[in-house]
Amino acid sequence: MPSIKLQSSGGEIFEVDVEIVKQSVTIKTILEDLGMNDEGDHDPVPLPNVNAAILKKVIQWCTHHEDDPPPPKVYENKEKRTDDIPVWDQEFLKVDQGTLFELNLAANYLDIKGLLDVTCKTVANMVNRKTPEEIHKTFNLKNDFTGPGREAQVQQENQRCEEK
Amino acid sequence: MELPLGRCDDSRTWDNDDSDPESETDPDAQAKAYVARVLSPPKSGLAFSRPSQLSTPAASPSASEPRAASKVSAVSEPGLLSLPPELLLEICSYLDARLVLHVLSRVCHALRDLVSDHVTWRLRALRRVRAPYPVVEEKNFDWPAACIALEQHLSRWAEDGRWVEYFCLADGHVASVDSVLLLQGGSLCLSGSRDRNVNLWDLRQLGTESNQVLVKTLGTKRNSTHEGWVWSLAAQDHRVCSGSWDSTVKLWDMAADGQQFGEIKASSAVLCLSYLPDILVTGTYDKKVTIYDPRAGPALLKHQQLHSRPVLTLLADDRHIISGSEDHTLVVVDRRANSVLQRLQLDSYLLCMSYQEPQLWAGDNQGLLHVFANRNGCFQLIRSFDVGHSFPITGIQYSVGALYTTSTDKTIRVHVPTDPPRTICTRRHDNGLNRVCAEGNLVVAGSGDLSLEVWRLQA
């Protein structure tokens with residue numbers, strides 16, 4: 001089985017099956033553009049936006065999902081749901097927030113729809129049904145509506161929006 | 001003001017003069033004959049060519065990148081705000097629109113800027129509907145509200161209406177139900193029928209233990225509310241009026257237990273009504289549009305023969321009175337100037353209308369929908385659509401997030417008001433469906449086989 005070399009931002013090289021890594025549309029396009037589909041030794045494909053740790057996890061995800069059917073055509077007929085994340089992915093994404101966001105960014109950059117969907121859904125689940133205060137706490141965000149007066153003003157504005 | 005009409009159906013040997021044959025005949029027979037003719041299916045060989053799909057192109061997504069892109073500052077360690085806007089919006093697309101609008105905007109400035117940008121909502125709405133929307137472009141379109149309305153409509157009718165409760169109320173009338181009206185946010189319903197009655201229903205009782213949905217029949221007469229078919233209903237606040245083939249309009253006060261508080265003797269069968277705080281307008285069989293003051297009398301203010309055939313559908317607001325007639329025209333009267341503003345000639349005649357400024361949606365006798373836009377006080381035909389009804393469209397209700405149509409083809413269709421409308425659910429019935437009304441989480445339609453059809457949606 002032909003394999004390809006990927007180089008992370010730090011310079012580390014990973015050798016992966018071509019078929020597995022083609023789940024990334026970005027990499028697939030690079031391979032086609034550079035004519036690296038045929039046999040032979042090629043230079044590694046540089047991925048300056050992805051560090052080694054994340055690249056390793058991405059490869060792990062792609063390996064597990066190698067035999068997945070291709071994602072359906074774009075036309076969205078049904079509602080977007082967040083309760084249908086496969087169990088393996090749920091376990092895979094039980095990581096610290098930093099890693100979760102890095103995986104999200106990597107999936108976006110590498111254009112891996114399946115990984116992008118599950119990471120977005122996971123973050124959405126963390127936001128869902130929470131109040132602003134709870135969201136501050138969960139994501140360690142600063143409430144930059146300065147001062148108690150400003151916060152009250154913002155609350156009032158939103159109150160009026162809700163009443164409409 | 002007489003109008004010589006260019007187009008007239010020669011096949012009709014029907015009169016165009018003003019003599020009133022109806023004074024001699026039985027109103028029910030007259031009603032039956034007329035209605036059968038007006039609601040007859042279109043002649044074969046529709047000369048309808050699909051309108052060229054010259055939909056105004058929606059701005060391409062790349063051209064309308066949210067400006068918030070520059071505002072998210074780089075954070076050293078990856079946090080939620082380190083994600084680029086397109087990823088944050090992707091995550092938001094999995095969240096309920098109301099949570100995004102009201103909760104996320106209170107978290108911090110960056111998120112607030114992201115979600116209060118109308119471009120964000122426009123992109124979100126267009127991704128959900130995947131078709132040009134709205135049908136009529138307008139400045140200052142309220143995208144967040146539209147998004148919320150659309151998503152609610154789509155989720156209510158999701159999976160082909162799996163979560164919709166259906167009720168068939170067949171114990172109230174003994175003849176076809178031809179008009180329906182919802183009151184008080186959908187908790188009360190009025191139905192007008194060929195059995196000459198107007199019934200009041202309490203829809204909050206649906207599915208409860210007692211299940212006593214039918215409250216009463218309006219009127220004190222033992223047998224019937226009117227002396228002819230009840231063909232139109234309209235409400236202003238807690239006051240309701242019913243128009244009938246017996247040439248009267250009766251006014252009822254729902255706050256006084258449905259007591260009658262007034263009556264208008266019209267010149268002929270009242271086919272359509274519009275009830276506003278300051279005027280009550282009737283469209284009648286004798287081609288007239290008449291304006292009354294409902295507060296004093298009611299007193300007749302003005303009547304005009306605006307058409308050369310019966311007036312089938314009517315709409316009024318504080319600026320215009322819009323009437324559609326069997327004479328294939330749509331007439332717009334400017335109330336302030338007190339004169340006819342426009343006379344639009346159509347290929348068919350309109351049977352029902354629904355107006356939410358600036359879009360006027362109408363159904364015609366050939367099963368087509370037409371959209372008119374109110375541009376600077378002037379109405380223009382923007383689009384015509386074939387949504388699958390091949391028979392006359394008897395009822396239409398349009399709102400920013402939802403579109404309902406009923407037809408004598410025995411279906412009620414639920415659509416998203418895009419260009420062209422996307423039908424998300426169709427319900428078939430054993431008989432023609434007449435009129436549709438939707439309010440709150442209730443949708444009702446009258447049916448030709450005596451029943452009031454009710455669909456209750458998730459709140």
# chains A, B, ... in the order shown; residues from 1 in each chain; ligands from 1
$ interface_residues --of "chain B" --to "chain A" --cutoff "8 Å" --atoms "only C-alpha atoms" --output "PyMOL selection string"
chain B and resi 77-80+83+87+90-95+99+102-104+106-109+128+130+154-155+158-159
$ select_by_dssp --residues "segment 4-96 of chain A" --states "helix (DSSP H, G or I)" --output "NGL selection string"
:A and (18-21 or 25-33 or 52-64 or 87-92)
$ select_by_dssp --residues "segment 264-389 of chain B" --states "strand (DSSP E or B)" --output "ChimeraX atom specification"
/B:264-265,270-275,280-284,288-293,299-305,311-316,320-325,329-334,339-345,350-356,359-364,368-375,378-386
$ atom_distance --atom1 "atom CA of Gly192 of chain B" --atom2 "atom CA of Ser232 of chain B"
7.1 Å
$ closest_residue --among "B:Pro144, B:Gly207, B:Pro277, B:Pro298" --to "Lys265 of chain B" --atoms "only C-alpha atoms"
B:Pro298
$ atom_distance --atom1 "atom CA of Lys410 of chain B" --atom2 "atom CA of Asp160 of chain B"
17.7 Å
$ residues_around --residues "segment 280-288 of chain B" --least-positions-apart "2" --cutoff "7 Å" --atoms "only C-alpha atoms" --output "list in words"
Ser268, Ala269, Val270, Leu271, Cys272, Leu273, Ser274, Tyr275, Leu276, Thr290, Ile291, Tyr292, Asp293, Pro294, His303, Gln304, Gln305, Leu306, His307, Ser308, Arg309, Pro310, Val311, Leu312 and Leu314 of chain B
$ write_last_selection --atoms "N, CA, C and O atoms" --output "compact mmCIF listing (two decimals), in the first residue's frame"
# COMPACT_ATOMS: atom_id res chain seq x y z
N SER B 268 -75.55 42.59 -1.66
CA SER B 268 -75.65 41.24 -2.20
C SER B 268 -74.72 40.35 -1.38
O SER B 268 -74.18 40.79 -0.36
N ALA B 269 -74.53 39.12 -1.81
CA ALA B 269 -73.72 38.16 -1.05
C ALA B 269 -72.35 38.73 -0.72
O ALA B 269 -71.68 39.28 -1.58
N VAL B 270 -71.97 38.58 0.56
CA VAL B 270 -70.69 39.10 1.02
C VAL B 270 -69.64 38.00 0.87
O VAL B 270 -69.67 37.00 1.58
N LEU B 271 -68.72 38.19 -0.06
CA LEU B 271 -67.77 37.13 -0.37
C LEU B 271 -66.45 37.27 0.37
O LEU B 271 -65.73 36.30 0.57
N CYS B 272 -66.09 38.49 0.75
CA CYS B 272 -64.83 38.68 1.45
C CYS B 272 -64.92 39.91 2.34
O CYS B 272 -65.72 40.81 2.10
N LEU B 273 -64.11 39.89 3.38
CA LEU B 273 -64.18 40.93 4.41
C LEU B 273 -62.80 41.36 4.84
O LEU B 273 -61.85 40.57 4.82
N SER B 274 -62.73 42.60 5.33
CA SER B 274 -61.53 43.01 6.03
C SER B 274 -61.97 43.91 7.17
O SER B 274 -62.76 44.83 6.96
N TYR B 275 -61.46 43.64 8.33
CA TYR B 275 -61.94 44.35 9.52
C TYR B 275 -60.76 45.07 10.18
O TYR B 275 -59.83 44.44 10.67
N LEU B 276 -60.82 46.39 10.17
CA LEU B 276 -59.76 47.20 10.77
C LEU B 276 -60.36 48.02 11.91
O LEU B 276 -61.57 48.09 12.04
N THR B 290 -67.33 47.87 -0.53
CA THR B 290 -68.05 48.83 0.30
C THR B 290 -67.33 49.02 1.62
O THR B 290 -66.85 48.06 2.22
N ILE B 291 -67.26 50.27 2.05
CA ILE B 291 -66.58 50.58 3.30
C ILE B 291 -67.59 51.05 4.33
O ILE B 291 -68.43 51.93 4.04
N TYR B 292 -67.51 50.50 5.52
CA TYR B 292 -68.41 50.88 6.61
C TYR B 292 -67.58 51.37 7.78
O TYR B 292 -66.42 51.00 7.95
N ASP B 293 -68.22 52.17 8.63
CA ASP B 293 -67.60 52.52 9.90
C ASP B 293 -68.20 51.58 10.94
O ASP B 293 -69.38 51.70 11.28
N PRO B 294 -67.42 50.64 11.46
CA PRO B 294 -68.01 49.65 12.37
C PRO B 294 -68.30 50.20 13.76
O PRO B 294 -68.99 49.57 14.54
N HIS B 303 -69.34 53.23 -1.22
CA HIS B 303 -69.29 52.00 -1.99
C HIS B 303 -68.95 52.32 -3.43
O HIS B 303 -69.30 53.38 -3.96
N GLN B 304 -68.25 51.39 -4.01
CA GLN B 304 -67.75 51.64 -5.34
C GLN B 304 -67.82 50.37 -6.13
O GLN B 304 -67.51 49.29 -5.61
N GLN B 305 -68.20 50.51 -7.40
CA GLN B 305 -68.09 49.32 -8.22
C GLN B 305 -66.73 49.35 -8.90
O GLN B 305 -66.53 50.04 -9.90
N LEU B 306 -65.80 48.64 -8.31
CA LEU B 306 -64.44 48.67 -8.82
C LEU B 306 -64.19 47.59 -9.85
O LEU B 306 -63.15 47.57 -10.49
N HIS B 307 -65.13 46.66 -9.96
CA HIS B 307 -64.87 45.52 -10.82
C HIS B 307 -66.06 45.23 -11.72
O HIS B 307 -67.13 45.81 -11.56
N SER B 308 -65.86 44.32 -12.66
CA SER B 308 -66.95 43.94 -13.54
C SER B 308 -67.43 42.53 -13.26
O SER B 308 -68.23 41.99 -13.99
N ARG B 309 -66.90 41.94 -12.22
CA ARG B 309 -67.33 40.61 -11.79
C ARG B 309 -67.29 40.60 -10.26
O ARG B 309 -66.73 41.51 -9.66
N PRO B 310 -67.85 39.56 -9.64
CA PRO B 310 -67.83 39.51 -8.17
C PRO B 310 -66.43 39.66 -7.59
O PRO B 310 -65.44 39.24 -8.18
N VAL B 311 -66.41 40.27 -6.42
CA VAL B 311 -65.16 40.50 -5.71
C VAL B 311 -64.89 39.30 -4.81
O VAL B 311 -65.65 39.01 -3.90
N LEU B 312 -63.81 38.60 -5.08
CA LEU B 312 -63.58 37.32 -4.41
C LEU B 312 -62.64 37.40 -3.21
O LEU B 312 -62.69 36.57 -2.32
N LEU B 314 -60.14 40.15 -0.57
CA LEU B 314 -60.00 41.54 -0.14
C LEU B 314 -58.95 41.64 0.95
O LEU B 314 -58.82 40.76 1.80
$ residues_around --residues "Thr63 of chain A" --least-positions-apart "4" --cutoff "9 Å" --atoms "only C-alpha atoms" --output "list in words"
Asp17, Ile20, Val21, Val58, Ile59 and Asp67 of chain A
$ write_last_selection --atoms "N, CA and C atoms" --output "PDB file, in the first residue's frame"
ATOM      1  N   ASP A  17      -0.544   5.856   5.237  1.00  0.00           N
ATOM      2  CA  ASP A  17      -1.162   5.323   4.012  1.00  0.00           C
ATOM      3  C   ASP A  17      -1.830   6.441   3.236  1.00  0.00           C
ATOM      4  N   ILE A  20      -5.665   6.551   3.633  1.00  0.00           N
ATOM      5  CA  ILE A  20      -6.156   7.090   4.911  1.00  0.00           C
ATOM      6  C   ILE A  20      -6.112   8.608   4.890  1.00  0.00           C
ATOM      7  N   VAL A  21      -5.035   9.143   4.378  1.00  0.00           N
ATOM      8  CA  VAL A  21      -4.812  10.580   4.486  1.00  0.00           C
ATOM      9  C   VAL A  21      -5.609  11.362   3.452  1.00  0.00           C
ATOM     10  N   VAL A  58      -4.883  13.478  14.529  1.00  0.00           N
ATOM     11  CA  VAL A  58      -5.669  13.519  13.301  1.00  0.00           C
ATOM     12  C   VAL A  58      -5.477  12.220  12.527  1.00  0.00           C
ATOM     13  N   ILE A  59      -4.218  11.774  12.465  1.00  0.00           N
ATOM     14  CA  ILE A  59      -3.938  10.531  11.746  1.00  0.00           C
ATOM     15  C   ILE A  59      -4.648   9.371  12.428  1.00  0.00           C
ATOM     16  N   ASP A  67     -12.645   3.401   6.626  1.00  0.00           N
ATOM     17  CA  ASP A  67     -13.655   2.731   5.803  1.00  0.00           C
ATOM     18  C   ASP A  67     -15.025   3.395   5.873  1.00  0.00           C
TER      19      ASP A  67
END
$ closest_residue --among "A:Lys94, A:Ile54, A:Asp68, A:Asp84" --to "Glu12 of chain A" --atoms "only C-alpha atoms"
A:Ile54
$ residues_around --residues "segment 345-347 of chain B" --least-positions-apart "3" --cutoff "7 Å" --atoms "only C-alpha atoms" --output "NGL selection string"
:B and (328-330)
